[in-house]
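*Asks:* Sharing a structure, written as structure tokens. Questions coming.
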Amino acid sequence: MNALNRKLLRDLVALKGQVAAIAVVIAAGVMTLIIAVTTLDAISLSKDRFYQQNQFAEVFADLKRAPEGLVDRVREIPGVNLVESRVQAPVRLEVPGFDDPVRGSLISIPDGRQPNINRLYLREGMLPESGRADQVAISEPFAQAHDLRAGDRLSAIINGRLEQLYVSGVVLSPEWVYQIGPADLLPDYERFGVLWMNRRALANAFDMDGAFNNLVLTLQAGASEEAVIDAVDELLARYGGIGAHGRDDQMSHRFLSEELNQLRVMAVILPAIFLGVSAFLLSVLMGRIVRTQRQQIAVLKAFGYSNRDLAVHYGLLTGGIVAVGAGLGVGLGAWAADALAAVYMEYFRFPEMSFRLQARVILLGVFVAGAAAMLGTFRAVRHAVMLPPAEAMRPPTPEVFRQGLLDHTRIRRWLDQPTRIIFRNLGRHPAKAAFSVIGIGLSAALLLVGSYQFNAVDNMIDTQYRLVQKSDLILHFTEPTPERAAAELRHRPGVQHVETFRNVSVRLRNGRKDYRTAIQGSDARPQLRGLIDKDLKDITLPPEGMVLTDYLAEHLSLVPGDWFEVEVMEGHRRNVSVQLAGVVNEPLGVSAYMERRALNRLMREGPAITGAWIMADRAERQALFDSLWDMPRVASVGLISEAEANIRSYIEDTVLIMMGVLLVLAGSIAFAVIYNNARIAFAERAREMATLRVLGYSRGEVAWILIGEMALLTLLAIPVGWLVGTGLALALNEAMSMDMFRVPFVISHQTYAFAAAGVLLAASLSVLLIARRLKSLDMVSALKTE
């Protein structure tokens with residue numbers, strides 16, 4: 001081992017506290033990068049494999065009813081590869097041992113065999129036997145939620161008739177990777193299931209012999225999806241088509257894509273924050289090392305070591321710190337990514353999804369950490385290499401000090417000498433003080449970002465389920481129903497209040513921007529379904545015009561007063577121009593709203609409804625469910641309380657887990673930054689403090705000079721951290737906003753207080769550790785220091 005290598009080891013040992021502190025910051029950046037990239041790879045690869053092996057459709061079309069012969073005409077459309085017609089219908093289910101209402105979707109498959117498109121992955125049992133009208137294959141999440149196996153029985157109301165069905169098998173489908181019911185935002189495996197039945201049996205039940213109401217297609221390589229969709233829409237228009245769409249508007253694929261987009265954001269933003277802080281810390285540390293080793297550098301050059309040798313030496317010192325941090329980050333990232341596997345497998349149902357830490361991901365993490373470290377230390381290393389030996393042998397030129405602003409004010413009279421020293425030192429080294437404030441402020445910012453998510457998520461859910469969704473139940477009919485159905489619902493057991501709505505599928509267009517959604521028509525000021533503005537105050541729907549959620553209005557580049565095009569996708573299909581009357585502030589989902597009678601006029605129909613919100617007595621809820629079970633027109637009944645529980649569970653399992661990890665890492669970084677700053681200050685001023693001790697200052701007075709300076713810098717850094725943290729939280733909020741939910745940008749006083757308390761706690765721990773060093777300060781050794 002040559003002299004430089006021995007020196008490298010001595011430096012690492014001597015700086016072990018600071019090395020550990022910076023390594024923690026690097027580990028945090030590498031860990032978040034490993035988690036995000038590994039999870040992103042696992043989900044993307046699982047999705048691509050499942051889609052390809054099971055022939056996931058690329059175009060989907062729903063319609064009222066069309067003859068089977070129309071399939072041949074669809075097959076002739078240029079660009080179409082495979083076509084398969086299906087019968088699809090809603091169903092109500094009764095599962096033994098489960099009292100709440102259960103809804104489902106029945107989908108036909110060719111009798112006794114796999115479909116050509118959207119092939120099923122068999123987990124257990126077999127597909128329904130050919131000729132059997134009482135067998136169904138069920139989705140695995142639904143089967144697991146109710147502990148159903150092949151051979152078990154369940155009851156179903158199919159087109160108004162009660163049927164007994166037997167489970168032939170348990171399956172997964174690429175069409176239902178993310179299994180959510182119509183109008184749902186999150187999976188509820190206990191209350192929504194997907195069932196596959198033989199085509200002949202399902203067609204007979206819904207009077208669809210020789211006909212279909214759903215179409216799926218795959219495309220030839222290079223085919224234009226838009227052109228195919230336009231051709232399909234033209235063919236299906238006369239048969240009640242409600243508009244074909246691609247994968248981007250298919251609910252399961254859409255939610256899966258949103259999750260992947262969030263992971264991409266996390267893979268960029270969070271590692272960038274952590275590794276940026278580590279680069280800053282390394283820059284400060286290496287600059288201090290070069291300053292304190294001036295004479296060593298000169299001696300090494302005098303003994304023949306070249307600039308390249310010294311550059312490699314200090315590069316290895318940086319590399320050693322990076323290696324420790326990257327190794328720790330890779331290990332923690334692999335462990336955390338494996339733990340996330342169970343969480344994602346609960347929501348995204350693939351036949352297999354393995355979280356494997358690949359070599360390229362490890363290399364990516366190490367490379368990014370190393371690049372950030374080298375950028376941070378380049379200036380200090382360059383200064384060490386370029387320092388001429390003769391200049392390095394001399395001590396640094398003494399600084400020229402003058403009286404500062406404090407010395408000309410009366411404030412100095414109220415301050416003791418150690419406190420004046422604190423203010424003079426900060427005033428004479430403003431750049432160094434500014435860097436310290438920035439470093440500590442960044443740690444406070446990270447704490448604020450981590451804690452902000454927890455309060456903001458609670459605010460989002462409380463807004464949705466206290467101010468928007470005020471009902472107990474939401475009910476949907478099988479088809480548009482006369483308004484008088486509301487009177488029938490009011491006489492059901494336990495019903496206290498009923499309000500109705502009308503939903504219509506539409507595509508909204510403004511120039512080149514469009515969005516497929518549904519218009520919800522309700523009373524002008526519904527009591528059970530709040531419509532609120534940005535100040536959380538109820539608004540009234542105008543007699544004409546449309547109201548959009550603010551997210552949708554922004555997506556379409558619309559402001560109140562603008563006109564835009566509405567393509568009605570059902571009933572009398574047509575395009576109409578509608579004026580935007582206002583926007584509503586809703587954290588969950590994306591919708592359009594009209595006064596119900598105005599929507600009925602738009603549809604050229606009487607006072608029709610498609611569903612109702614119900615307020616019911618909890619004590620009579622079971623009697624109400626039993627009563628609704630006897631209403632053939634009721635397609636589904638949803639519990640608002642369960643929807644709230646599901647979204648809380650989803651956010652806790654995904655967003656808050658990541659934010660919790662961020663919060664823990666931010667706390668460790670806060671300590672690392674402040675402790676590293678204190679250690680550097682102690683090392684640079686050990687001679688000064690020893691001199692003051694010799695001159696008669698007490699140990700407490702000397703300690704106050706260092707600790708008081710650290711406390712002052714920390715207090716100055718907290719507002720900086722609040723400001724930077726607010727900006728980071730806003731950027732993260734904007735980057736992670738999506739259709740499913742949008743966390744409101746609300747930072748409470750408690751969040752700011754938590755960030756400040758975290759920094760103060762880290763500062764206190766650092767003070768305790770530095771106080772031990774001050775207590776054991778060797779004055780003789782310190783005074784010998786150049």
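In the structure tokens, each chain is lettered A, B, ... as it comes, each chain's residues begin at 1, and ligands are numbered from 1 in order of appearance.
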Quick one: residues within 10 Å of Gln469 of chain A, only C-alpha atoms counted, chain neighbours fewer than 2 positions away excluded, as a compact mmCIF listing (two decimals) with all heavy atoms, in the first residue's frame?
*Replies:*
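The result, written out as part-v1.txt:
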```txt
# COMPACT_ATOMS: atom_id res chain seq x y z
N ASP A 462 -61.34 14.08 3.32
CA ASP A 462 -62.40 14.76 4.07
C ASP A 462 -63.24 15.64 3.17
O ASP A 462 -64.48 15.70 3.31
CB ASP A 462 -61.79 15.60 5.20
CG ASP A 462 -61.26 14.74 6.34
OD1 ASP A 462 -61.64 13.55 6.42
OD2 ASP A 462 -60.44 15.24 7.14
N THR A 463 -62.61 16.34 2.24
CA THR A 463 -63.35 17.18 1.30
C THR A 463 -64.31 16.34 0.45
O THR A 463 -65.48 16.68 0.28
CB THR A 463 -62.39 17.95 0.38
OG1 THR A 463 -61.56 18.80 1.18
CG2 THR A 463 -63.15 18.79 -0.64
N GLN A 464 -63.80 15.20 -0.07
CA GLN A 464 -64.62 14.38 -0.95
C GLN A 464 -65.79 13.73 -0.23
O GLN A 464 -66.91 13.68 -0.76
CB GLN A 464 -63.73 13.29 -1.59
CG GLN A 464 -64.47 12.38 -2.56
CD GLN A 464 -64.90 13.08 -3.83
OE1 GLN A 464 -64.37 14.13 -4.16
NE2 GLN A 464 -65.85 12.50 -4.54
N TYR A 465 -65.55 13.25 0.99
CA TYR A 465 -66.59 12.46 1.66
C TYR A 465 -67.30 13.21 2.79
O TYR A 465 -68.09 12.60 3.52
CB TYR A 465 -65.98 11.16 2.18
CG TYR A 465 -65.59 10.25 1.04
CD1 TYR A 465 -64.27 10.14 0.62
CD2 TYR A 465 -66.57 9.54 0.35
CE1 TYR A 465 -63.92 9.33 -0.44
CE2 TYR A 465 -66.23 8.74 -0.72
CZ TYR A 465 -64.91 8.64 -1.11
OH TYR A 465 -64.57 7.84 -2.17
N ARG A 466 -67.05 14.49 2.94
CA ARG A 466 -67.82 15.30 3.88
C ARG A 466 -68.56 16.42 3.15
O ARG A 466 -69.65 16.80 3.55
CB ARG A 466 -66.90 15.92 4.95
CG ARG A 466 -66.10 14.92 5.75
CD ARG A 466 -66.95 13.99 6.60
NE ARG A 466 -66.11 12.98 7.25
CZ ARG A 466 -65.82 11.81 6.74
NH1 ARG A 466 -66.32 11.46 5.55
NH2 ARG A 466 -65.07 10.94 7.39
N LEU A 467 -67.95 16.93 2.06
CA LEU A 467 -68.55 18.06 1.35
C LEU A 467 -69.12 17.67 -0.01
O LEU A 467 -70.00 18.36 -0.52
CB LEU A 467 -67.50 19.17 1.16
CG LEU A 467 -66.89 19.74 2.44
CD1 LEU A 467 -65.85 20.80 2.10
CD2 LEU A 467 -67.96 20.33 3.34
N SER A 471 -74.15 11.28 0.66
CA SER A 471 -75.16 10.23 0.78
C SER A 471 -74.57 8.98 1.43
O SER A 471 -73.36 8.87 1.63
CB SER A 471 -75.71 9.88 -0.61
OG SER A 471 -74.68 9.34 -1.42
N ASP A 472 -75.45 8.05 1.77
CA ASP A 472 -75.02 6.75 2.31
C ASP A 472 -74.85 5.72 1.21
O ASP A 472 -73.95 4.89 1.27
CB ASP A 472 -76.05 6.23 3.33
CG ASP A 472 -76.14 7.11 4.56
OD1 ASP A 472 -75.09 7.65 4.96
OD2 ASP A 472 -77.24 7.26 5.12
N LEU A 473 -75.75 5.77 0.21
CA LEU A 473 -75.75 4.78 -0.87
C LEU A 473 -75.82 5.50 -2.21
O LEU A 473 -76.38 6.59 -2.32
CB LEU A 473 -76.95 3.83 -0.76
CG LEU A 473 -77.20 3.10 0.56
CD1 LEU A 473 -78.51 2.34 0.49
CD2 LEU A 473 -76.06 2.16 0.86
N ILE A 474 -75.27 4.84 -3.23
CA ILE A 474 -75.46 5.31 -4.60
C ILE A 474 -75.99 4.13 -5.40
O ILE A 474 -75.46 3.01 -5.32
CB ILE A 474 -74.16 5.87 -5.21
CG1 ILE A 474 -74.42 6.37 -6.63
CG2 ILE A 474 -73.02 4.86 -5.17
CD1 ILE A 474 -73.27 7.18 -7.22
N GLN A 527 -78.63 18.10 -2.38
CA GLN A 527 -78.27 18.06 -0.98
C GLN A 527 -77.34 16.89 -0.65
O GLN A 527 -76.58 16.96 0.31
CB GLN A 527 -79.54 17.96 -0.12
CG GLN A 527 -80.51 19.11 -0.32
CD GLN A 527 -79.89 20.45 0.02
OE1 GLN A 527 -79.32 20.63 1.10
NE2 GLN A 527 -80.00 21.41 -0.89
N LEU A 528 -77.43 15.82 -1.43
CA LEU A 528 -76.64 14.62 -1.14
C LEU A 528 -75.40 14.50 -2.02
O LEU A 528 -74.62 13.57 -1.83
CB LEU A 528 -77.51 13.36 -1.32
CG LEU A 528 -78.73 13.27 -0.41
CD1 LEU A 528 -79.46 11.95 -0.65
CD2 LEU A 528 -78.33 13.39 1.06
N ARG A 529 -75.23 15.39 -2.96
CA ARG A 529 -74.04 15.36 -3.85
C ARG A 529 -73.57 16.80 -4.02
O ARG A 529 -74.03 17.53 -4.89
CB ARG A 529 -74.40 14.71 -5.18
CG ARG A 529 -73.27 14.66 -6.21
CD ARG A 529 -72.05 13.93 -5.66
NE ARG A 529 -71.09 13.59 -6.68
CZ ARG A 529 -70.16 14.42 -7.17
NH1 ARG A 529 -70.10 15.67 -6.73
NH2 ARG A 529 -69.30 14.01 -8.08
N GLY A 530 -72.65 17.20 -3.15
CA GLY A 530 -72.22 18.59 -3.15
C GLY A 530 -71.40 18.96 -4.38
O GLY A 530 -70.62 18.16 -4.90
N LEU A 531 -71.60 20.18 -4.84
CA LEU A 531 -70.78 20.78 -5.90
C LEU A 531 -70.16 22.03 -5.28
O LEU A 531 -70.87 22.97 -4.90
CB LEU A 531 -71.63 21.14 -7.11
CG LEU A 531 -72.32 19.96 -7.82
CD1 LEU A 531 -73.29 20.47 -8.86
CD2 LEU A 531 -71.29 19.04 -8.44
N TRP A 613 -79.02 8.97 -5.33
CA TRP A 613 -78.29 8.99 -4.07
C TRP A 613 -79.31 8.82 -2.95
O TRP A 613 -80.39 9.43 -2.98
CB TRP A 613 -77.57 10.32 -3.89
CG TRP A 613 -76.57 10.60 -4.97
CD1 TRP A 613 -75.41 9.93 -5.21
CD2 TRP A 613 -76.62 11.66 -5.94
NE1 TRP A 613 -74.73 10.49 -6.27
CE2 TRP A 613 -75.46 11.56 -6.74
CE3 TRP A 613 -77.52 12.67 -6.20
CZ2 TRP A 613 -75.19 12.43 -7.78
CZ3 TRP A 613 -77.27 13.54 -7.24
CH2 TRP A 613 -76.10 13.42 -8.03
N ILE A 640 -71.13 4.33 0.12
CA ILE A 640 -70.18 5.44 0.11
C ILE A 640 -69.12 5.25 1.18
O ILE A 640 -67.94 5.55 0.97
CB ILE A 640 -70.92 6.78 0.31
CG1 ILE A 640 -71.94 7.00 -0.82
CG2 ILE A 640 -69.92 7.93 0.35
CD1 ILE A 640 -71.34 7.04 -2.19
N SER A 641 -69.50 4.73 2.35
CA SER A 641 -68.53 4.52 3.43
C SER A 641 -67.45 3.53 3.02
O SER A 641 -66.28 3.68 3.38
CB SER A 641 -69.24 4.03 4.69
OG SER A 641 -69.92 2.81 4.45
N GLU A 644 -65.01 5.23 0.67
CA GLU A 644 -64.05 6.04 1.42
C GLU A 644 -62.98 5.16 2.05
O GLU A 644 -61.79 5.49 2.01
CB GLU A 644 -64.78 6.83 2.51
CG GLU A 644 -63.84 7.68 3.35
CD GLU A 644 -64.55 8.43 4.46
OE1 GLU A 644 -65.79 8.32 4.56
OE2 GLU A 644 -63.86 9.13 5.23
```
*Asks:* Env of segment 591-598 of chain A: 8 Å cut, atoms = only C-alpha atoms, seq-sep filter 3 positions within chain, self excluded. Answer as a list of chain:residue names.
*Replies:*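 Non-adjacent residues within range: A:Phe501, A:Arg502, A:Thr517, A:Ala518, A:Ile519, A:Gln520, A:Gly521, A:Ser522, A:Asp523, A:Ala524, A:Leu541, A:Pro542, A:Pro543, A:Glu544, A:Gly545, A:Met546, A:Val547, A:Leu548, A:Thr549, A:Leu552, A:Arg601, A:Leu602, A:Pro607.
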*Asks:* Let me make sure I understand: among A:Val566, A:Ile718, A:Ala762, A:Ile461, which one has the smallest atom-to-atom distance to Ser505 of chain A if we use only C-alpha atoms?
*Replies:*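 Smallest separation from Ser505 of chain A among the options: A:Val566.
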*Asks:* In Å, how far is it from atom CA of Leu172 of chain A to atom CA of Glu124 of chain A?
*Replies:*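 Spanning atom CA of Leu172 of chain A to atom CA of Glu124 of chain A is a straight-line distance of 10.1 Å.
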*Asks:* Nearest to Arg687 of chain A: which of A:Leu774, A:Met353, A:Ala137, A:Leu760 is it, counting only C-alpha atoms?
*Replies:*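 Closest residue, counting only C-alpha atoms: A:Leu774.
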*Asks:* When you look at Leu556 of chain A with a cut-off of 10 Å (counting only C-alpha atoms), what residues show up, excluding the ones that are within fewer than 5 positions of it in the same chain? I need them as a PDB file with N, CA and C atoms, in the first residue's frame.
*Replies:*
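The resulting file, selection_5.pdb, is reproduced below:
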```pdb
ATOM      1  N   LEU A 508     -65.803  15.331 -24.815  1.00  0.00           N
ATOM      2  CA  LEU A 508     -65.713  16.790 -24.844  1.00  0.00           C
ATOM      3  C   LEU A 508     -64.518  17.192 -25.698  1.00  0.00           C
ATOM      4  N   ARG A 509     -64.699  18.196 -26.540  1.00  0.00           N
ATOM      5  CA  ARG A 509     -63.617  18.643 -27.427  1.00  0.00           C
ATOM      6  C   ARG A 509     -63.488  20.161 -27.378  1.00  0.00           C
ATOM      7  N   ASN A 510     -62.237  20.583 -27.382  1.00  0.00           N
ATOM      8  CA  ASN A 510     -61.916  22.000 -27.554  1.00  0.00           C
ATOM      9  C   ASN A 510     -60.669  22.068 -28.423  1.00  0.00           C
ATOM     10  N   GLY A 511     -60.869  22.383 -29.696  1.00  0.00           N
ATOM     11  CA  GLY A 511     -59.738  22.365 -30.629  1.00  0.00           C
ATOM     12  C   GLY A 511     -59.226  20.938 -30.800  1.00  0.00           C
ATOM     13  N   ARG A 512     -57.927  20.749 -30.585  1.00  0.00           N
ATOM     14  CA  ARG A 512     -57.326  19.424 -30.726  1.00  0.00           C
ATOM     15  C   ARG A 512     -57.386  18.601 -29.440  1.00  0.00           C
ATOM     16  N   LYS A 513     -57.844  19.211 -28.369  1.00  0.00           N
ATOM     17  CA  LYS A 513     -57.899  18.507 -27.083  1.00  0.00           C
ATOM     18  C   LYS A 513     -59.277  17.891 -26.886  1.00  0.00           C
ATOM     19  N   ASP A 514     -59.303  16.674 -26.381  1.00  0.00           N
ATOM     20  CA  ASP A 514     -60.580  16.022 -26.114  1.00  0.00           C
ATOM     21  C   ASP A 514     -60.462  15.154 -24.871  1.00  0.00           C
ATOM     22  N   TYR A 515     -61.612  14.790 -24.322  1.00  0.00           N
ATOM     23  CA  TYR A 515     -61.633  13.959 -23.109  1.00  0.00           C
ATOM     24  C   TYR A 515     -62.950  13.196 -23.074  1.00  0.00           C
ATOM     25  N   ASP A 550     -62.350  21.485 -12.202  1.00  0.00           N
ATOM     26  CA  ASP A 550     -61.277  22.403 -12.587  1.00  0.00           C
ATOM     27  C   ASP A 550     -60.151  21.684 -13.320  1.00  0.00           C
ATOM     28  N   TYR A 551     -59.866  20.436 -12.938  1.00  0.00           N
ATOM     29  CA  TYR A 551     -58.808  19.670 -13.605  1.00  0.00           C
ATOM     30  C   TYR A 551     -59.153  19.439 -15.074  1.00  0.00           C
ATOM     31  N   PHE A 564     -67.528  24.997 -26.238  1.00  0.00           N
ATOM     32  CA  PHE A 564     -66.797  23.815 -26.659  1.00  0.00           C
ATOM     33  C   PHE A 564     -67.788  22.786 -27.196  1.00  0.00           C
TER      34      PHE A 564
END
```
*Asks:* Tell me which protein, DNA and RNA residues are within 9 Å of segment 317-329 of chain A, counting only C-alpha atoms, leaving out same-chain ones fewer than 5 positions away, and put them as a ChimeraX atom specification.
*Replies:* /A:8-9,11-12,19-20,22-34,282,286,312,334,362,365-366,369-370,373-374,377
*Asks:* Find the nearest atom pair between each residue of segment 567-587 of chain A and segment 236-244 of chain A for residues within 8 Å, count only C-alpha atoms, give distances in Å to one decimal, sort rows by chain and ascending number, and present the table as JSON lines.
*Replies:*
```
{"residue": "A:Val568", "atom": "CA", "partner": "A:Ile242", "partner_atom": "CA", "distance": 7.9}
{"residue": "A:Met569", "atom": "CA", "partner": "A:Ile242", "partner_atom": "CA", "distance": 4.2}
{"residue": "A:Glu570", "atom": "CA", "partner": "A:Ile242", "partner_atom": "CA", "distance": 4.9}
{"residue": "A:Gly571", "atom": "CA", "partner": "A:Gly240", "partner_atom": "CA", "distance": 6.8}
{"residue": "A:Arg573", "atom": "CA", "partner": "A:Ala237", "partner_atom": "CA", "distance": 7.8}
```
*Asks:* Write a file of the just-selected residues containing all heavy atoms, as a PDB file, in the first residue's frame.
*Replies:*
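And here is the file that came out, part-v8.pdb:
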```
ATOM      1  N   VAL A 568     -72.293  13.518 -27.961  1.00  0.00           N
ATOM      2  CA  VAL A 568     -73.114  12.602 -27.169  1.00  0.00           C
ATOM      3  C   VAL A 568     -72.895  11.191 -27.696  1.00  0.00           C
ATOM      4  O   VAL A 568     -73.037  10.933 -28.899  1.00  0.00           O
ATOM      5  CB  VAL A 568     -74.602  12.994 -27.251  1.00  0.00           C
ATOM      6  CG1 VAL A 568     -75.449  12.021 -26.452  1.00  0.00           C
ATOM      7  CG2 VAL A 568     -74.803  14.415 -26.744  1.00  0.00           C
ATOM      8  N   MET A 569     -72.569  10.263 -26.793  1.00  0.00           N
ATOM      9  CA  MET A 569     -72.175   8.919 -27.203  1.00  0.00           C
ATOM     10  C   MET A 569     -73.284   7.879 -27.030  1.00  0.00           C
ATOM     11  O   MET A 569     -73.042   6.691 -27.173  1.00  0.00           O
ATOM     12  CB  MET A 569     -70.957   8.466 -26.392  1.00  0.00           C
ATOM     13  CG  MET A 569     -69.828   9.464 -26.313  1.00  0.00           C
ATOM     14  SD  MET A 569     -69.025   9.740 -27.886  1.00  0.00           S
ATOM     15  CE  MET A 569     -68.048   8.269 -28.056  1.00  0.00           C
ATOM     16  N   GLU A 570     -74.494   8.301 -26.695  1.00  0.00           N
ATOM     17  CA  GLU A 570     -75.588   7.346 -26.533  1.00  0.00           C
ATOM     18  C   GLU A 570     -76.891   8.015 -26.938  1.00  0.00           C
ATOM     19  O   GLU A 570     -76.956   9.242 -27.104  1.00  0.00           O
ATOM     20  CB  GLU A 570     -75.674   6.846 -25.101  1.00  0.00           C
ATOM     21  CG  GLU A 570     -75.925   7.909 -24.050  1.00  0.00           C
ATOM     22  CD  GLU A 570     -75.975   7.343 -22.657  1.00  0.00           C
ATOM     23  OE1 GLU A 570     -74.917   7.016 -22.095  1.00  0.00           O
ATOM     24  OE2 GLU A 570     -77.095   7.239 -22.124  1.00  0.00           O
ATOM     25  N   GLY A 571     -77.941   7.191 -27.086  1.00  0.00           N
ATOM     26  CA  GLY A 571     -79.242   7.735 -27.478  1.00  0.00           C
ATOM     27  C   GLY A 571     -79.171   8.365 -28.853  1.00  0.00           C
ATOM     28  O   GLY A 571     -78.654   7.783 -29.812  1.00  0.00           O
ATOM     29  N   ARG A 573     -77.329  10.191 -30.931  1.00  0.00           N
ATOM     30  CA  ARG A 573     -75.943  10.647 -31.002  1.00  0.00           C
ATOM     31  C   ARG A 573     -75.831  11.879 -31.882  1.00  0.00           C
ATOM     32  O   ARG A 573     -76.297  11.898 -33.019  1.00  0.00           O
ATOM     33  CB  ARG A 573     -75.051   9.529 -31.537  1.00  0.00           C
ATOM     34  CG  ARG A 573     -74.931   8.342 -30.598  1.00  0.00           C
ATOM     35  CD  ARG A 573     -73.854   7.401 -31.056  1.00  0.00           C
ATOM     36  NE  ARG A 573     -72.568   8.074 -31.181  1.00  0.00           N
ATOM     37  CZ  ARG A 573     -71.435   7.452 -31.483  1.00  0.00           C
ATOM     38  NH1 ARG A 573     -71.439   6.148 -31.692  1.00  0.00           N
ATOM     39  NH2 ARG A 573     -70.313   8.119 -31.578  1.00  0.00           N
TER      40      ARG A 573
END
```
*Asks:* Could you tell me, as a list in words, which residues of segment 177-292 of chain A DSSP assigns to strand (DSSP E or B) when given the backbone?
*Replies:* Phe192, Gly193, Val194, Leu195, Trp196, Met197, Asn198, Ala211, Phe212, Asn213, Asn214, Leu215, Val216, Leu217, Thr218, Leu219, His245 and Gly246 of chain A
*Asks:* Considering only C-alpha atoms, state which residue in the set A:Ala61, A:Ala145, A:Ala681, A:Val268 is at the smallest distance from Ala433 of chain A.
*Replies:*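 Comparing A:Ala61, A:Ala145, A:Ala681, A:Val268 against Ala433 of chain A, the winner is A:Ala681.
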*Asks:* I'd like the neighbourhood of segment 478-489 of chain A as a PyMOL selection string, where a residue qualifies if any of its atoms comes within 7 Å (using only C-alpha atoms), though same-chain residues fewer than 5 positions away should be ignored.
*Replies:* chain A and resi 498+500+607-610+633-635
*Asks:* Keeping only N, CA and C atoms, take the residues you just selected and write them out as a JSON list (two decimals), in the first residue's frame.
*Replies:*
```json
[["chain", "number", "residue", "atom", "x", "y", "z"],
["A", 498, "VAL", "N", -84.01, 10.89, -0.90],
["A", 498, "VAL", "CA", -83.60, 10.39, -2.22],
["A", 498, "VAL", "C", -83.42, 11.58, -3.16],
["A", 500, "THR", "N", -82.11, 12.10, -7.39],
["A", 500, "THR", "CA", -81.82, 11.33, -8.59],
["A", 500, "THR", "C", -80.84, 12.06, -9.50],
["A", 607, "PRO", "N", -88.18, 13.29, -18.62],
["A", 607, "PRO", "CA", -87.44, 13.37, -17.35],
["A", 607, "PRO", "C", -86.89, 12.01, -16.91],
["A", 608, "ALA", "N", -85.87, 11.54, -17.61],
["A", 608, "ALA", "CA", -85.28, 10.22, -17.32],
["A", 608, "ALA", "C", -84.15, 10.35, -16.30],
["A", 609, "ILE", "N", -83.93, 9.25, -15.57],
["A", 609, "ILE", "CA", -82.84, 9.18, -14.59],
["A", 609, "ILE", "C", -82.11, 7.86, -14.78],
["A", 610, "THR", "N", -80.87, 7.80, -14.33],
["A", 610, "THR", "CA", -80.10, 6.55, -14.40],
["A", 610, "THR", "C", -79.62, 6.09, -13.03],
["A", 633, "ARG", "N", -84.85, -3.60, -11.96],
["A", 633, "ARG", "CA", -84.21, -2.49, -12.68],
["A", 633, "ARG", "C", -82.94, -1.98, -12.01],
["A", 634, "VAL", "N", -82.72, -2.36, -10.75],
["A", 634, "VAL", "CA", -81.53, -1.89, -10.03],
["A", 634, "VAL", "C", -80.32, -2.71, -10.48],
["A", 635, "ALA", "N", -79.36, -2.05, -11.10],
["A", 635, "ALA", "CA", -78.15, -2.74, -11.58],
["A", 635, "ALA", "C", -77.11, -2.89, -10.49]]
```
